[in-house]
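A quick write-up on the structure given underneath.
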Amino acid sequence: MKRIMMVALTLALMTGSAWAAEGKFGYVDMQRALNTSEAGKNAKEQLQAKLKKYQAQINAKQQELQGLKSDLEKQVTTLSETARAAKEKDYQQKLKDFQRFTKDAEEDLQARDAEFTKKIVEEMDKVVQEYGKKNGYTIIFDARTAGMLYADKAVDLTDPVLKAFNATKSTK
């Protein structure tokens, strides 16, 4: 629906409007801007650091589980029925804890990524607005949501907007 509205708006502006001939159009590849901006790189580094911490914890828990399973398999014939059942129950509980931990870690990383992305996109939108006003653009599209199948690189504003965005981040 959003894509149809964008195409309809563009066609309406291009046909019949006297000022459309004088209109200035451009687009920004927000995905590339997110990935290559200083804020985006910083966010990616923070996520990687958090991922490494989680991965170390996951590896330690996996080794513990493997040790418990190996001990259980070795002692299966020597343990009494109740002792074996207790060890199996302990192993199953630790396995559930491990699975819960990995799921929680994954959800935490996804939430942090979404939080970083939202913040950067909001700030980037402000920079695009200012850039558009300052440079006399009629419309600036987001390349990922505008449904563009082709756009001339001459109207790609990603690099100058990215430069302006990084400049705002370095002054803060």
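Each chain in the structure tokens gets a letter, A, B, ..., in the order shown, and its residues are numbered from 1; ligands are numbered from 1 in order too.
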
Return as a JSON list (two decimals) with C-alpha atoms, in the first residue's frame the full set of residues in segment 7-154 of chain A whose backbone-based DSSP assignment is alpha helix (DSSP H).
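The resulting file, part.json, is reproduced below:
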[["chain", "number", "residue", "atom", "x", "y", "z"],
["A", 7, "VAL", "CA", 4.42, 5.71, -6.95],
["A", 8, "ALA", "CA", 1.09, 7.55, -7.27],
["A", 9, "LEU", "CA", 2.53, 10.61, -5.55],
["A", 10, "THR", "CA", 5.56, 10.60, -7.81],
["A", 11, "LEU", "CA", 3.45, 10.24, -10.95],
["A", 12, "ALA", "CA", 1.12, 13.02, -9.81],
["A", 13, "LEU", "CA", 4.08, 15.30, -9.24],
["A", 14, "MET", "CA", 5.64, 14.42, -12.58],
["A", 30, "MET", "CA", 19.25, 4.11, 4.22],
["A", 31, "GLN", "CA", 20.57, 0.56, 4.60],
["A", 32, "ARG", "CA", 23.98, 1.55, 3.25],
["A", 33, "ALA", "CA", 23.90, 4.72, 5.35],
["A", 34, "LEU", "CA", 23.12, 2.69, 8.48],
["A", 35, "ASN", "CA", 25.92, 0.23, 7.81],
["A", 36, "THR", "CA", 28.59, 2.77, 6.90],
["A", 38, "GLU", "CA", 30.05, 6.15, 12.28],
["A", 39, "ALA", "CA", 27.04, 5.59, 14.54],
["A", 40, "GLY", "CA", 26.19, 2.39, 12.66],
["A", 41, "LYS", "CA", 29.74, 1.08, 12.91],
["A", 42, "ASN", "CA", 29.80, 1.93, 16.62],
["A", 43, "ALA", "CA", 26.50, 0.11, 17.18],
["A", 44, "LYS", "CA", 27.81, -2.90, 15.26],
["A", 45, "GLU", "CA", 30.94, -2.96, 17.44],
["A", 46, "GLN", "CA", 28.84, -2.81, 20.61],
["A", 47, "LEU", "CA", 26.66, -5.67, 19.36],
["A", 48, "GLN", "CA", 29.74, -7.72, 18.43],
["A", 49, "ALA", "CA", 31.22, -7.19, 21.91],
["A", 50, "LYS", "CA", 27.95, -8.28, 23.53],
["A", 51, "LEU", "CA", 27.79, -11.28, 21.19],
["A", 52, "LYS", "CA", 31.33, -12.32, 22.18],
["A", 53, "LYS", "CA", 30.36, -12.17, 25.88],
["A", 54, "TYR", "CA", 27.29, -14.28, 25.26],
["A", 55, "GLN", "CA", 29.25, -16.70, 23.08],
["A", 56, "ALA", "CA", 31.83, -17.23, 25.85],
["A", 57, "GLN", "CA", 29.04, -17.97, 28.33],
["A", 58, "ILE", "CA", 27.33, -20.29, 25.86],
["A", 59, "ASN", "CA", 30.58, -22.17, 25.21],
["A", 60, "ALA", "CA", 31.18, -22.62, 28.96],
["A", 61, "LYS", "CA", 27.64, -23.88, 29.48],
["A", 62, "GLN", "CA", 27.96, -26.26, 26.51],
["A", 63, "GLN", "CA", 31.16, -27.72, 27.91],
["A", 64, "GLU", "CA", 29.50, -28.19, 31.29],
["A", 65, "LEU", "CA", 26.56, -29.96, 29.61],
["A", 66, "GLN", "CA", 28.86, -32.18, 27.58],
["A", 67, "GLY", "CA", 30.77, -33.09, 30.75],
["A", 68, "LEU", "CA", 27.56, -33.96, 32.58],
["A", 69, "LYS", "CA", 26.32, -36.06, 29.66],
["A", 70, "SER", "CA", 29.66, -37.85, 29.34],
["A", 71, "ASP", "CA", 29.74, -38.60, 33.08],
["A", 72, "LEU", "CA", 26.18, -39.86, 32.95],
["A", 73, "GLU", "CA", 26.94, -42.16, 30.02],
["A", 74, "LYS", "CA", 30.06, -43.53, 31.74],
["A", 75, "GLN", "CA", 28.29, -44.15, 35.04],
["A", 81, "GLU", "CA", 18.30, -46.26, 39.58],
["A", 82, "THR", "CA", 17.60, -43.29, 41.88],
["A", 83, "ALA", "CA", 21.11, -41.82, 41.48],
["A", 84, "ARG", "CA", 20.90, -42.16, 37.68],
["A", 85, "ALA", "CA", 17.44, -40.56, 37.68],
["A", 86, "ALA", "CA", 18.75, -37.68, 39.81],
["A", 87, "LYS", "CA", 21.69, -37.11, 37.45],
["A", 88, "GLU", "CA", 19.42, -37.24, 34.41],
["A", 89, "LYS", "CA", 17.06, -34.76, 36.04],
["A", 90, "ASP", "CA", 19.98, -32.45, 36.85],
["A", 91, "TYR", "CA", 21.22, -32.73, 33.25],
["A", 92, "GLN", "CA", 17.74, -32.01, 31.83],
["A", 93, "GLN", "CA", 17.35, -28.95, 34.09],
["A", 94, "LYS", "CA", 20.74, -27.58, 33.03],
["A", 95, "LEU", "CA", 19.85, -28.24, 29.40],
["A", 96, "LYS", "CA", 16.62, -26.25, 29.82],
["A", 97, "ASP", "CA", 18.55, -23.45, 31.51],
["A", 98, "PHE", "CA", 21.03, -23.46, 28.64],
["A", 99, "GLN", "CA", 18.27, -23.30, 26.04],
["A", 100, "ARG", "CA", 16.54, -20.50, 27.92],
["A", 101, "PHE", "CA", 19.82, -18.58, 28.21],
["A", 102, "THR", "CA", 20.58, -18.87, 24.49],
["A", 103, "LYS", "CA", 17.05, -17.76, 23.60],
["A", 104, "ASP", "CA", 17.26, -14.80, 26.01],
["A", 105, "ALA", "CA", 20.68, -13.83, 24.64],
["A", 106, "GLU", "CA", 19.37, -13.92, 21.07],
["A", 107, "GLU", "CA", 16.33, -11.83, 21.99],
["A", 108, "ASP", "CA", 18.53, -9.33, 23.85],
["A", 109, "LEU", "CA", 20.83, -8.93, 20.83],
["A", 110, "GLN", "CA", 17.86, -8.48, 18.49],
["A", 111, "ALA", "CA", 16.30, -5.90, 20.81],
["A", 112, "ARG", "CA", 19.56, -3.97, 21.09],
["A", 113, "ASP", "CA", 19.99, -4.06, 17.31],
["A", 114, "ALA", "CA", 16.45, -2.75, 16.81],
["A", 115, "GLU", "CA", 17.03, -0.04, 19.42],
["A", 116, "PHE", "CA", 20.28, 1.10, 17.80],
["A", 117, "THR", "CA", 18.73, 1.02, 14.34],
["A", 118, "LYS", "CA", 15.67, 3.00, 15.40],
["A", 119, "LYS", "CA", 17.77, 5.68, 17.06],
["A", 120, "ILE", "CA", 20.11, 6.04, 14.10],
["A", 121, "VAL", "CA", 17.24, 6.12, 11.58],
["A", 122, "GLU", "CA", 15.47, 8.84, 13.57],
["A", 123, "GLU", "CA", 18.64, 10.93, 13.66],
["A", 124, "MET", "CA", 19.34, 10.22, 9.99],
["A", 125, "ASP", "CA", 15.80, 11.31, 9.07],
["A", 126, "LYS", "CA", 16.44, 14.69, 10.71],
["A", 127, "VAL", "CA", 19.65, 15.10, 8.73],
["A", 128, "VAL", "CA", 17.86, 14.16, 5.48],
["A", 129, "GLN", "CA", 15.13, 16.72, 6.24],
["A", 130, "GLU", "CA", 17.71, 19.45, 6.84],
["A", 131, "TYR", "CA", 19.71, 18.44, 3.78],
["A", 132, "GLY", "CA", 16.62, 18.47, 1.58],
["A", 133, "LYS", "CA", 15.53, 21.92, 2.76],
["A", 134, "LYS", "CA", 19.03, 23.37, 2.55]]

Can you list, as a list in words, all residues belonging to segment 21-136 of chain A that DSSP tags as strand (DSSP E or B)?
-> Phe25, Gly26, Tyr27 and Val28 of chain A

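Shortest separation to Ala143 of chain A among A:Leu157, A:Ala167, A:Val76, A:Leu162 occurs at residue A:Leu157, atoms counted being only C-alpha atoms.
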
Selected residue, from A:Tyr27, A:Gly136, A:Ser37, A:Ala151, that lies nearest to Asn166 of chain A when counting only C-alpha atoms | A:Ser37

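Taking atom CA of Gly26 of chain A and atom CA of Asn135 of chain A as the two end points, the separation is 10.8 Å.
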